[in-house]
Amino acid sequence: MAKPVVIVVGADKGGVGKTTVSRTLLDYFSANNVQTRAFDTESPRGTLKRFHPEITEIVDMTTTADQMKIFDTLNSGPSVTVIDVRAGLLSPALASLRDIGFLDAARSGQITFAVFHILGPSIASLDEIAETSSFMTGAKYYLVKNFINDTQFFQWDQSTYNSYFNKIKDATDLTIPKLNEMAYEQVEVSSVPFLKFVANKGINDDAANYSFVLRGYVRHWLANVWSEYDRIKLTDLVGAKSTTRGGEK
């Protein structure tokens with residue numbers, strides 16, 4: 001039986017678009033026919049669950065009961081578990097995983113563990129890298145530059161950029177491009193996954209009437225995001241081959 005895969009998506013700083021990244025991951029695995037479940041730690045009401053209600057459960061990762069709900073079911077659930085960690089809780093969540101022995105299990109090869117660390121356009125956000133990286137032995141560590149605005153992540157100042165992005169040897173950079181603001185807002189209003197919006201489908205797979213133009217923007221953006229996931233061979237984590245192209249199957 002294939003090893004369970006756990007992907008933690010988070011940041012200690014808020015407002016960096018971590019749930020948007022989680023949503024693209026769920027769409028990507030769905031398009032590649034990889035069974036996935038998700039846990040939204042924005043208890044008691046989560047944003048991720050609003051877009052993916054069928055596969056998402058809201059939990060409080062600070063409680064033992066909800067930790068059991070996630071980690072005691074890894075071998076009996078879908079291949080991939082995505083955990084969308086509430087803003088400000090990435091470091092505490094990783095510390096909890098250390099305390100329950102999860103990180104040791106990842107180091108010993110019993111579990112495939114990956115962290116998508118979503119970075120924002122500030123030194124405070126980048127300062128998280130050193131703290132988070134201390135938990136990453138045995139894990140796949142991805143530094144995600146999410147262009148939710150026009151930031152350049154200090155690439156104009158090469159010494160600052162290098163001091164953060166080049167000092168973590170085993171980390172992989174990836175880029176989430178900016179989505180047209182009006183298109184993003186329309187997806188928010190529709191409360192459907194990006195894939196359903198592109199396919200012009202409503203919450204219950206009924207025909208919708210979304211803007212052709214805005215659907216085009218989302219399709220193009222999603223294709224670029226998925227190209228990044230293909231580049232880092234994300235499906236290799238579960239022994240699958242990517243079948244996505246251009247934001248579609």
# chains A, B, ... in the order shown; residues from 1 in each chain; ligands from 1
$ residues_around --residues "Ala114 (chain A)" --least-positions-apart "3" --cutoff "7 Å" --atoms "only C-alpha atoms" --output "PyMOL selection string"
chain A and resi 6-8+139-141
$ select_by_dssp --residues "region 39-219 of chain A" --states "helix (DSSP H, G or I)" --output "ChimeraX atom specification"
/A:47-51,64-71,90-99,102-107,123-126,128-133,158-165,181-190,194-198,212-219
$ atom_distance --atom1 "CA of Gly216 (chain A)" --atom2 "CA of Asn33 (chain A)"
23.3 Å
$ closest_residue --among "A:Ile83, A:Ala171, A:Val225, A:Leu234" --to "Ile70 (chain A)" --atoms "only C-alpha atoms"
A:Ile83
$ closest_residue --among "A:Ser30, A:Ser211, A:Thr160, A:Asn180" --to "Phe147 (chain A)" --atoms "only C-alpha atoms"
A:Asn180
$ residues_around --residues "Tyr210 (chain A)" --least-positions-apart "6" --cutoff "12 Å" --atoms "only C-alpha atoms" --output "count of residues only"
18
$ residues_around --residues "region 99-112 of chain A" --least-positions-apart "5" --cutoff "8 Å" --atoms "only C-alpha atoms" --output "VMD selection string"
chain A and resid 3 to 6 135 137 to 139 237
$ atom_distance --atom1 "CA of Glu57 (chain A)" --atom2 "CA of Phe39 (chain A)"
4.9 Å
$ residues_around --residues "region 43-52 of chain A" --least-positions-apart "5" --cutoff "7 Å" --atoms "only C-alpha atoms" --output "PyMOL selection string"
chain A and resi 19+23+57-60+191-193
$ write_last_selection --atoms "N, CA and C atoms" --output "PDB file, in the first residue's frame"
ATOM      1  N   THR A  19      -5.055  29.954   1.759  1.00  0.00           N
ATOM      2  CA  THR A  19      -6.222  29.148   1.400  1.00  0.00           C
ATOM      3  C   THR A  19      -6.397  29.095  -0.110  1.00  0.00           C
ATOM      4  N   ARG A  23      -6.689  25.666  -2.263  1.00  0.00           N
ATOM      5  CA  ARG A  23      -7.757  25.404  -3.248  1.00  0.00           C
ATOM      6  C   ARG A  23      -7.170  24.944  -4.581  1.00  0.00           C
ATOM      7  N   GLU A  57     -13.132  19.011   6.162  1.00  0.00           N
ATOM      8  CA  GLU A  57     -13.667  19.002   7.518  1.00  0.00           C
ATOM      9  C   GLU A  57     -12.956  20.078   8.328  1.00  0.00           C
ATOM     10  N   ILE A  58     -13.713  20.803   9.135  1.00  0.00           N
ATOM     11  CA  ILE A  58     -13.137  21.841   9.978  1.00  0.00           C
ATOM     12  C   ILE A  58     -12.661  21.222  11.284  1.00  0.00           C
ATOM     13  N   VAL A  59     -11.418  21.527  11.652  1.00  0.00           N
ATOM     14  CA  VAL A  59     -10.847  20.963  12.873  1.00  0.00           C
ATOM     15  C   VAL A  59     -10.102  22.056  13.649  1.00  0.00           C
ATOM     16  N   ASP A  60      -9.842  21.756  14.892  1.00  0.00           N
ATOM     17  CA  ASP A  60      -9.020  22.607  15.739  1.00  0.00           C
ATOM     18  C   ASP A  60      -7.745  21.833  16.045  1.00  0.00           C
ATOM     19  N   SER A 191     -18.581  30.903  -4.944  1.00  0.00           N
ATOM     20  CA  SER A 191     -18.344  29.889  -3.903  1.00  0.00           C
ATOM     21  C   SER A 191     -18.152  28.489  -4.471  1.00  0.00           C
ATOM     22  N   VAL A 192     -17.501  28.405  -5.622  1.00  0.00           N
ATOM     23  CA  VAL A 192     -17.197  27.102  -6.225  1.00  0.00           C
ATOM     24  C   VAL A 192     -15.687  26.982  -6.404  1.00  0.00           C
ATOM     25  N   PRO A 193     -15.178  25.752  -6.551  1.00  0.00           N
ATOM     26  CA  PRO A 193     -13.754  25.580  -6.843  1.00  0.00           C
ATOM     27  C   PRO A 193     -13.386  26.256  -8.167  1.00  0.00           C
TER      28      PRO A 193
END
